[in-house]
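Working notes for the structure below.
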Amino acid sequence: MAETEVLIIGCGIAGATAALQLARNPRRQITVVTRAPDPHESNTQYAQGGIIGRGLDDDPDILLADILAAGAGVSSPHAARILAEEGPPLLHEVLEESAGVKFDSDSSGQPLWGNEAAHSRRRILHVGDGTGAAIMEGLITALRSCPNITIESNATAVDLITFPHHSRDPLDNYRPIACHGAYMFSRGEHTVHRYLAAATVLATGGLGRIYRNTTNPQGARGDGLAMAHRAGARIVNAEYVQFHPTALAAPGAEGLLISEAVRGEGGILLTPDGRQFMAEYSPEWKDLAPRDVVARAIHHEMETHDYSYVLLDIASRMPADAIRNRFPNIYAQCLKAGLDITKEMIPVVPAAHYFCGGVLVDEWGRASIDNLYAIGEISCTGVHGANRLASTSLLEGLVWGNRAARHVEEALNRSLATKRPGFADVPPWDESGLFAEPDPALIQGDMQTIQNIMWHYVGLVRNAERLSRAIRELRHLWNEIETFYRTTKLADGLIGLRNAIEVALLIAQAAQHNRQSRGCHYRQDSVSVEGDRLI
Ligand code: SIN
């Protein structure tokens, strides 16, 4: 049992920023919980390319135009403007000043601006190709120096505590849904604890792991999204799953991200027989076309010619020393997989990378449930629309982490006199009657089934037949998993499986419902806006 003022679930850039900004008020008590034993572990930790700053010949209007163009008409201009205006100054204040992150610069201290797809300016700040890891190192160090922040690791959120659902007072049925914390599973003790909080912030990241091929780490299985959905929060744009064009296709190292920054520095895509193909798909941007365009082009080449990968050439475009300097992690990881990228071309395939939809939030990160906030990849602020512009995700986590913190602070000041539910008002987790031990073979088998269904039927290229097959199979599996969950002792893998099937169905149903191709939601049987013409 724990009682705190602010419960933050997840500690990537969004959760960590929210905690850090809230901690500026020394009276606030903030608890950050992470599923992984090491709080550094998050999607942010693996971000390579970088984060958007304000380049030399850049301004918020130019960045806004790039975000809206990449978003294929689905981005919210209001949210994107907030990001474009507030992001770069906040990056300086929070990441450089508070967290001490040192972005790459030249000998005179000027930033070395990087480039990525669909950016009309060089504006990406980076720390080699390990930008996310450097950011997490700075943020976690800063969090640990705040006496009013408690970090609790190795704890998996099971469900949000919401009223009326968990209330003992029948009159709560007549009040709006409100969140009062979460049930947390201690992976060490194997028990579930109630964490009560005046404000709960979901910052649990993405869901790439529900796909067979992904750049995402183990924990990205849609935990927060599934919890929010079960609690009744509004979820939007779930069909927009972004596929990164270039994940390594080498045995034993599948899914390793080969940053878009490699193409930003001149890398070129070729078919295995040496044909450059991107100009055929995007005469304007070529290899630096928006991500959805490049990913689909690769998919099309692979499918049409039966290739199992395409090649990315940086070796002939950049001196070996420069490659090792700019991309030290990619170089080292590929070398481990037996590939010297200073001499050889890199075999790549697309892989699930980023969830552009999520828990609908407003400009302060507020979800449609009282006292509940969602920030970072789990949320949908509207910035990314149907296709996220490269390197906007870290910035969005930073901006909305900060905004949610500001709103929580004001809300807590306003509601000081309001009585909050205590432990007597919230039932403990009921584990009675659960005797079966979770069978890892069932968990792994079901997870792989979900991943295969999502990859083949709800992947880069969709159509009505694939989607209805996916929904039928996922529904059947949902029933099986629900029975499994209701009769088995809890385990982290079982919690993740239950969440994965929930979000897989959400995505498949949203994709079936939306018959119009836009951005990363591509349907072979797409209809036009008017709804009467095939395109
Ligand atoms: C990359 O480095 O290519 C990924 C960056 C991003 O997802 O924004």
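All residue names refer to the structure tokens as shown: chains lettered A, B, ... in order, residues numbered from 1 in each chain, ligands numbered from 1 in order.
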**Item:** Close residues, range 37-39 of chain A itself excluded, 7 Å, only C-alpha atoms, min 6 positions apart in chain, as a list of chain:residue names
**Value:**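 Contacts, in chain order: A:Cys11, A:Ser153, A:Asn154.
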**Given 8 Å and only C-alpha atoms and all ligand atoms, residues near ligand 1 as a ChimeraX atom specification** = /A:47-51,116,129,244,246,257-262,353-354,388-394
What's around Arg144 in chain A at 12 Å? Count only C-alpha atoms, leave out sequence neighbours fewer than 5 positions away in its own chain, and write the answer as a short mmCIF file (atom, residue, chain, number, x, y, z; two decimals) with all heavy atoms, in the first residue's frame.
```cif
data_model
loop_
_atom_site.label_atom_id
_atom_site.label_comp_id
_atom_site.auth_asym_id
_atom_site.auth_seq_id
_atom_site.Cartn_x
_atom_site.Cartn_y
_atom_site.Cartn_z
N ALA A 16 9.69 11.20 -16.71
CA ALA A 16 10.80 11.79 -15.94
C ALA A 16 10.70 13.32 -15.94
O ALA A 16 10.95 13.97 -14.91
CB ALA A 16 12.14 11.33 -16.52
N ALA A 19 7.98 14.38 -13.52
CA ALA A 19 8.42 14.25 -12.13
C ALA A 19 9.37 15.38 -11.75
O ALA A 19 9.22 16.02 -10.69
CB ALA A 19 9.11 12.90 -11.95
N LEU A 20 10.31 15.65 -12.63
CA LEU A 20 11.32 16.67 -12.34
C LEU A 20 10.68 18.06 -12.18
O LEU A 20 11.03 18.81 -11.26
CB LEU A 20 12.32 16.69 -13.50
CG LEU A 20 13.66 17.32 -13.27
CD1 LEU A 20 14.39 16.62 -12.13
CD2 LEU A 20 14.50 17.25 -14.55
N ALA A 23 8.69 18.28 -8.96
CA ALA A 23 9.55 18.27 -7.76
C ALA A 23 10.10 19.64 -7.42
O ALA A 23 10.67 19.84 -6.35
CB ALA A 23 10.68 17.27 -7.95
N ILE A 30 6.07 12.87 -4.96
CA ILE A 30 5.88 12.25 -6.27
C ILE A 30 6.45 10.83 -6.23
O ILE A 30 7.57 10.61 -5.77
CB ILE A 30 6.64 13.06 -7.36
CG1 ILE A 30 6.15 14.51 -7.34
CG2 ILE A 30 6.48 12.44 -8.74
CD1 ILE A 30 7.24 15.50 -7.15
N THR A 31 5.66 9.89 -6.72
CA THR A 31 6.15 8.51 -6.82
C THR A 31 6.20 8.11 -8.29
O THR A 31 5.20 8.24 -9.01
CB THR A 31 5.22 7.53 -6.06
OG1 THR A 31 5.16 7.96 -4.69
CG2 THR A 31 5.74 6.10 -6.11
N VAL A 32 7.37 7.67 -8.72
CA VAL A 32 7.53 7.21 -10.11
C VAL A 32 7.71 5.69 -10.06
O VAL A 32 8.61 5.21 -9.36
CB VAL A 32 8.78 7.85 -10.76
CG1 VAL A 32 8.94 7.36 -12.20
CG2 VAL A 32 8.70 9.37 -10.72
N PRO A 39 15.34 1.80 -13.88
CA PRO A 39 14.45 2.87 -14.37
C PRO A 39 14.91 3.51 -15.68
O PRO A 39 14.12 4.21 -16.32
CB PRO A 39 14.46 3.89 -13.22
CG PRO A 39 15.63 3.57 -12.38
CD PRO A 39 15.93 2.11 -12.57
N HIS A 40 16.15 3.29 -16.08
CA HIS A 40 16.58 3.84 -17.38
C HIS A 40 15.85 3.15 -18.54
O HIS A 40 15.72 3.71 -19.61
CB HIS A 40 18.08 3.61 -17.60
CG HIS A 40 18.96 4.40 -16.68
ND1 HIS A 40 19.29 3.94 -15.44
CD2 HIS A 40 19.57 5.59 -16.83
CE1 HIS A 40 20.08 4.83 -14.85
NE2 HIS A 40 20.26 5.84 -15.67
N ALA A 99 19.17 18.66 -16.61
CA ALA A 99 19.65 17.27 -16.68
C ALA A 99 21.09 17.18 -17.18
O ALA A 99 21.67 16.09 -17.19
CB ALA A 99 18.72 16.45 -17.57
N MET A 136 18.29 9.87 -20.87
CA MET A 136 17.84 9.12 -19.68
C MET A 136 18.87 9.19 -18.57
O MET A 136 18.52 9.30 -17.39
CB MET A 136 17.54 7.65 -20.04
CG MET A 136 16.25 7.42 -20.79
SD MET A 136 14.83 8.36 -20.20
CE MET A 136 14.65 7.79 -18.53
N GLU A 137 20.14 9.13 -18.93
CA GLU A 137 21.19 9.20 -17.91
C GLU A 137 21.07 10.54 -17.15
O GLU A 137 21.07 10.58 -15.92
CB GLU A 137 22.56 9.09 -18.61
CG GLU A 137 23.75 8.85 -17.70
CD GLU A 137 23.56 7.65 -16.78
OE1 GLU A 137 23.12 6.60 -17.28
OE2 GLU A 137 23.82 7.79 -15.56
N GLY A 138 20.92 11.62 -17.91
CA GLY A 138 20.81 12.95 -17.28
C GLY A 138 19.54 13.07 -16.44
O GLY A 138 19.57 13.56 -15.31
N LEU A 139 18.42 12.60 -16.98
CA LEU A 139 17.15 12.77 -16.26
C LEU A 139 17.11 11.92 -14.98
O LEU A 139 16.67 12.40 -13.93
CB LEU A 139 15.97 12.40 -17.17
CG LEU A 139 15.60 13.43 -18.24
CD1 LEU A 139 14.54 12.88 -19.19
CD2 LEU A 139 15.11 14.74 -17.61
N ILE A 149 11.05 12.92 -4.66
CA ILE A 149 10.69 11.92 -5.67
C ILE A 149 11.12 10.54 -5.17
O ILE A 149 12.27 10.34 -4.78
CB ILE A 149 11.39 12.19 -7.02
CG1 ILE A 149 10.93 13.51 -7.62
CG2 ILE A 149 11.13 11.04 -8.01
CD1 ILE A 149 11.57 13.86 -8.95
N THR A 150 10.18 9.60 -5.18
CA THR A 150 10.51 8.21 -4.87
C THR A 150 10.42 7.42 -6.17
O THR A 150 9.40 7.49 -6.86
CB THR A 150 9.48 7.62 -3.89
OG1 THR A 150 9.38 8.49 -2.78
CG2 THR A 150 9.87 6.22 -3.43
N ILE A 151 11.49 6.70 -6.50
CA ILE A 151 11.43 5.85 -7.69
C ILE A 151 11.29 4.41 -7.22
O ILE A 151 12.11 3.92 -6.45
CB ILE A 151 12.71 5.98 -8.56
CG1 ILE A 151 12.93 7.44 -8.97
CG2 ILE A 151 12.61 5.10 -9.81
CD1 ILE A 151 14.17 7.68 -9.83
N GLU A 152 10.23 3.75 -7.67
CA GLU A 152 10.04 2.33 -7.33
C GLU A 152 10.06 1.51 -8.60
O GLU A 152 9.25 1.72 -9.49
CB GLU A 152 8.71 2.14 -6.60
CG GLU A 152 8.74 2.80 -5.25
CD GLU A 152 7.53 2.44 -4.41
OE1 GLU A 152 6.88 1.42 -4.71
OE2 GLU A 152 7.25 3.20 -3.47
#
```
**Message:** Ranking A:Gly130, A:Gly357, A:Pro164, A:Gly445 by minimum distance to Asp370 in chain A and counting only C-alpha atoms, which one comes first?
**Reply:**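 Distance minimum relative to Asp370 in chain A lands on A:Pro164.
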**Request:** Would you mind telling me which residue in A:Asp425, A:Gly358, A:Val6, A:Pro251 lies nearest to Ala411 in chain A when using only C-alpha atoms?
**Result:** A:Val6
**Request:** Using CA of Ile378 in chain A and CA of Glu502 in chain A as the two end points, give the distance in Å to one decimal.
**Result:**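 About the pair CA of Ile378 in chain A and CA of Glu502 in chain A: they are 14.1 Å apart.
Near Leu312 in chain A, within a cut-off of 8 Å and counting only C-alpha atoms, sit the residues Gly267, Ile268, Leu269, Leu270, Met345, Ile346, Pro347 and Val348 of chain A, with same-chain residues fewer than 4 positions away left out.
Relative to CA of His166 in chain A, CA of Pro428 in chain A is found at 9.6 Å.
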**Message:** I want to know what sits within 12 Å of Ser415 in chain A, based on only C-alpha atoms, with residues of the same chain fewer than 3 positions away left out; could you give that as number ranges by chain?
**Reply:** A: 5, 198-199, 371, 408-412, 418-420
**Fill in**
Pairwise distance, CA of Glu482 in chain A with CA of Ser42 in chain A, equals 27.0 Å
**Prompt:** range 516-518 of chain A: which residues within 6 Å, counting only C-alpha atoms, same-chain residues fewer than 5 positions away excluded, as a list in words?
**Reply:**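 Here the answer would be Arg523, Ser526 and Val527 of chain A.
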**Prompt:** Leaving out Leu225 in chain A and any residue of its chain fewer than 6 positions from it, which residues lie within 12 Å of it when counting only C-alpha atoms, given as an MDAnalysis selection string?
**Reply:** chainID A and resid 9 157:160 202:207 231:236 238 355 357:360 367 373:380 496 498:507
**Request:** List every residue of range 155-291 of chain A that DSSP, applied to the backbone of this structure, places in strand (DSSP E), and write the result as a ChimeraX atom specification.
**Result:** /A:155-163,178-186,191-202,235-236,241-248,268-270
Kindly export the residues of the current selection with C-alpha atoms, as a compact mmCIF listing (two decimals), in the first residue's frame.
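Below is the file again_31.txt, written as the result:
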```txt
# COMPACT_ATOMS: atom_id res chain seq x y z
CA ALA A 155 6.50 -2.98 -10.37
CA THR A 156 3.96 -3.60 -13.15
CA ALA A 157 0.76 -1.59 -13.22
CA VAL A 158 -2.22 -3.96 -13.43
CA ASP A 159 -5.21 -1.62 -13.56
CA LEU A 160 -6.11 1.95 -12.78
CA ILE A 161 -8.17 2.47 -9.64
CA THR A 162 -11.22 4.28 -10.88
CA PHE A 163 -14.53 5.26 -9.34
CA ALA A 178 -12.33 9.55 -11.69
CA CYS A 179 -8.93 7.95 -11.23
CA HIS A 180 -7.44 7.53 -7.75
CA GLY A 181 -4.24 5.62 -8.48
CA ALA A 182 -3.42 2.11 -9.63
CA TYR A 183 -3.12 -1.50 -8.58
CA MET A 184 0.56 -2.36 -8.87
CA PHE A 185 2.04 -5.85 -9.07
CA SER A 186 5.34 -6.17 -7.24
CA THR A 191 1.62 -9.39 -4.73
CA VAL A 192 -0.60 -6.54 -5.79
CA HIS A 193 -0.55 -3.25 -3.85
CA ARG A 194 -2.90 -0.29 -3.97
CA TYR A 195 -1.16 2.97 -4.85
CA LEU A 196 -3.50 5.86 -4.09
CA ALA A 197 -2.83 9.27 -5.63
CA ALA A 198 -4.55 12.61 -6.15
CA ALA A 199 -3.26 12.64 -9.73
CA THR A 200 -2.14 9.71 -11.86
CA VAL A 201 0.08 10.19 -14.89
CA LEU A 202 0.36 7.41 -17.46
CA ILE A 235 -8.70 6.31 -27.31
CA VAL A 236 -8.21 7.80 -30.79
CA VAL A 241 1.02 2.55 -36.20
CA GLN A 242 4.24 3.86 -37.66
CA PHE A 243 6.71 1.42 -39.22
CA HIS A 244 10.35 2.44 -39.28
CA PRO A 245 11.79 1.76 -42.73
CA THR A 246 15.17 0.51 -41.59
CA ALA A 247 15.55 -2.16 -38.94
CA LEU A 248 18.55 -4.46 -39.26
CA ILE A 268 21.01 5.50 -49.86
CA LEU A 269 18.59 2.59 -50.19
CA LEU A 270 19.19 0.00 -52.90
```
**Prompt:** Looking at A:Leu83, A:Gln21, A:Gly10, A:Gln509, which one is nearest to Ala404 in chain A, with distances taken over only C-alpha atoms?
**Reply:**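 Checking each candidate against Ala404 in chain A, we get A:Gln21 as the closest.
Residue nearest Ile177 in chain A within the list A:Glu86, A:Leu335, A:Ala228, A:Pro111: A:Ala228 [criterion: smallest interatomic distance, only C-alpha atoms].
Nearest to Cys146 in chain A of all the residues A:Ala36, A:Val458, A:Ala134, A:Leu22 is A:Leu22, based on only C-alpha atoms.
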**Request:** Just the helix (DSSP H, G or I) stuff from range 133-293 of chain A, please, per backbone DSSP, written as a VMD selection string.
**Result:** chain A and resid 133 to 144 170 to 174 208 to 210 223 to 231 260 to 264 278 to 281 286 to 288 291 to 293
Could those selected residues go to a file with N, CA and C atoms, as a CSV table (one decimal), in the first residue's frame?
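Saved the output as out12.csv:
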```csv
chain,number,residue,atom,x,y,z
A,133,ALA,N,19.7,7.4,-24.7
A,133,ALA,CA,20.5,6.9,-23.5
A,133,ALA,C,21.1,8.1,-22.8
A,134,ALA,N,21.6,9.1,-23.5
A,134,ALA,CA,22.2,10.2,-22.8
A,134,ALA,C,21.2,11.0,-22.1
A,135,ILE,N,20.0,11.2,-22.7
A,135,ILE,CA,18.9,11.9,-22.0
A,135,ILE,C,18.5,11.2,-20.8
A,136,MET,N,18.3,9.9,-20.9
A,136,MET,CA,17.8,9.1,-19.7
A,136,MET,C,18.9,9.2,-18.6
A,137,GLU,N,20.1,9.1,-18.9
A,137,GLU,CA,21.2,9.2,-17.9
A,137,GLU,C,21.1,10.5,-17.1
A,138,GLY,N,20.9,11.6,-17.9
A,138,GLY,CA,20.8,12.9,-17.3
A,138,GLY,C,19.5,13.1,-16.4
A,139,LEU,N,18.4,12.6,-17.0
A,139,LEU,CA,17.2,12.8,-16.3
A,139,LEU,C,17.1,11.9,-15.0
A,140,ILE,N,17.6,10.7,-15.1
A,140,ILE,CA,17.5,9.8,-13.9
A,140,ILE,C,18.4,10.4,-12.8
A,141,THR,N,19.6,10.8,-13.2
A,141,THR,CA,20.5,11.4,-12.2
A,141,THR,C,19.8,12.6,-11.5
A,142,ALA,N,19.1,13.5,-12.3
A,142,ALA,CA,18.4,14.6,-11.8
A,142,ALA,C,17.3,14.2,-10.9
A,143,LEU,N,16.5,13.1,-11.3
A,143,LEU,CA,15.4,12.7,-10.4
A,143,LEU,C,15.9,12.2,-9.1
A,144,ARG,N,17.1,11.5,-9.1
A,144,ARG,CA,17.6,10.9,-7.9
A,144,ARG,C,18.1,11.9,-6.9
A,170,PRO,N,-22.3,3.4,-3.8
A,170,PRO,CA,-23.1,3.2,-5.0
A,170,PRO,C,-23.4,4.6,-5.6
A,171,LEU,N,-23.4,5.7,-4.8
A,171,LEU,CA,-23.7,7.0,-5.4
A,171,LEU,C,-22.6,7.5,-6.3
A,172,ASP,N,-21.4,6.9,-6.3
A,172,ASP,CA,-20.4,7.3,-7.3
A,172,ASP,C,-20.8,7.0,-8.7
A,173,ASN,N,-21.8,6.1,-8.9
A,173,ASN,CA,-22.3,5.9,-10.3
A,173,ASN,C,-22.8,7.2,-10.9
A,174,TYR,N,-23.2,8.1,-10.1
A,174,TYR,CA,-23.8,9.4,-10.7
A,174,TYR,C,-22.7,10.4,-10.9
A,208,GLY,N,5.1,-1.5,-29.7
A,208,GLY,CA,5.7,-2.1,-30.9
A,208,GLY,C,5.8,-3.6,-30.7
A,209,ARG,N,5.9,-4.1,-29.4
A,209,ARG,CA,6.1,-5.5,-29.2
A,209,ARG,C,4.9,-6.4,-29.5
A,210,ILE,N,3.7,-5.8,-29.9
A,210,ILE,CA,2.6,-6.6,-30.3
A,210,ILE,C,2.8,-7.0,-31.8
A,223,ASP,N,0.8,-1.5,-22.3
A,223,ASP,CA,0.2,-1.7,-20.9
A,223,ASP,C,-0.7,-0.5,-20.5
A,224,GLY,N,-0.2,0.7,-20.7
A,224,GLY,CA,-0.9,1.9,-20.2
A,224,GLY,C,-2.2,2.1,-21.1
A,225,LEU,N,-2.0,1.9,-22.4
A,225,LEU,CA,-3.2,2.1,-23.3
A,225,LEU,C,-4.3,1.1,-22.9
A,226,ALA,N,-3.9,-0.2,-22.6
A,226,ALA,CA,-5.0,-1.2,-22.3
A,226,ALA,C,-5.6,-0.8,-21.0
A,227,MET,N,-4.8,-0.3,-20.0
A,227,MET,CA,-5.4,0.0,-18.7
A,227,MET,C,-6.4,1.2,-18.9
A,228,ALA,N,-6.0,2.2,-19.7
A,228,ALA,CA,-6.8,3.4,-19.9
A,228,ALA,C,-8.1,3.0,-20.6
A,229,HIS,N,-8.0,2.1,-21.5
A,229,HIS,CA,-9.2,1.6,-22.3
A,229,HIS,C,-10.1,0.9,-21.4
A,230,ARG,N,-9.6,0.0,-20.5
A,230,ARG,CA,-10.5,-0.8,-19.6
A,230,ARG,C,-11.2,0.2,-18.7
A,231,ALA,N,-10.5,1.3,-18.3
A,231,ALA,CA,-11.1,2.2,-17.4
A,231,ALA,C,-12.1,3.2,-18.0
A,260,GLU,N,17.3,6.8,-38.9
A,260,GLU,CA,17.0,7.6,-40.1
A,260,GLU,C,18.2,8.6,-40.4
A,261,ALA,N,18.8,8.9,-39.3
A,261,ALA,CA,20.0,9.9,-39.4
A,261,ALA,C,21.0,9.3,-40.4
A,262,VAL,N,21.1,8.0,-40.5
A,262,VAL,CA,22.0,7.4,-41.5
A,262,VAL,C,21.7,7.9,-42.9
A,263,ARG,N,20.4,7.9,-43.2
A,263,ARG,CA,20.0,8.5,-44.5
A,263,ARG,C,20.1,10.0,-44.5
A,264,GLY,N,19.9,10.6,-43.3
A,264,GLY,CA,20.1,12.1,-43.2
A,264,GLY,C,21.6,12.5,-43.5
A,278,MET,N,14.2,4.9,-54.4
A,278,MET,CA,13.4,5.8,-53.7
A,278,MET,C,12.9,7.0,-54.6
A,279,ALA,N,13.6,7.3,-55.7
A,279,ALA,CA,13.2,8.4,-56.6
A,279,ALA,C,11.9,8.0,-57.3
A,280,GLU,N,11.7,6.7,-57.5
A,280,GLU,CA,10.4,6.3,-58.1
A,280,GLU,C,9.2,6.5,-57.3
A,281,TYR,N,9.4,6.5,-55.9
A,281,TYR,CA,8.3,6.6,-55.0
A,281,TYR,C,8.1,8.1,-54.5
A,286,LYS,N,13.1,11.7,-52.2
A,286,LYS,CA,13.9,10.4,-52.4
A,286,LYS,C,14.1,9.7,-51.1
A,287,ASP,N,15.3,9.4,-50.7
A,287,ASP,CA,15.6,8.5,-49.6
A,287,ASP,C,15.1,9.2,-48.3
A,288,LEU,N,14.9,10.5,-48.3
A,288,LEU,CA,14.4,11.2,-47.1
A,288,LEU,C,13.0,11.6,-47.2
A,291,ARG,N,8.5,8.9,-43.4
A,291,ARG,CA,8.7,7.5,-43.0
A,291,ARG,C,7.7,6.5,-43.6
A,292,ASP,N,6.4,6.9,-43.7
A,292,ASP,CA,5.4,5.9,-44.2
A,292,ASP,C,5.7,5.6,-45.7
A,293,VAL,N,6.1,6.7,-46.4
A,293,VAL,CA,6.4,6.5,-47.8
A,293,VAL,C,7.6,5.5,-48.0
```
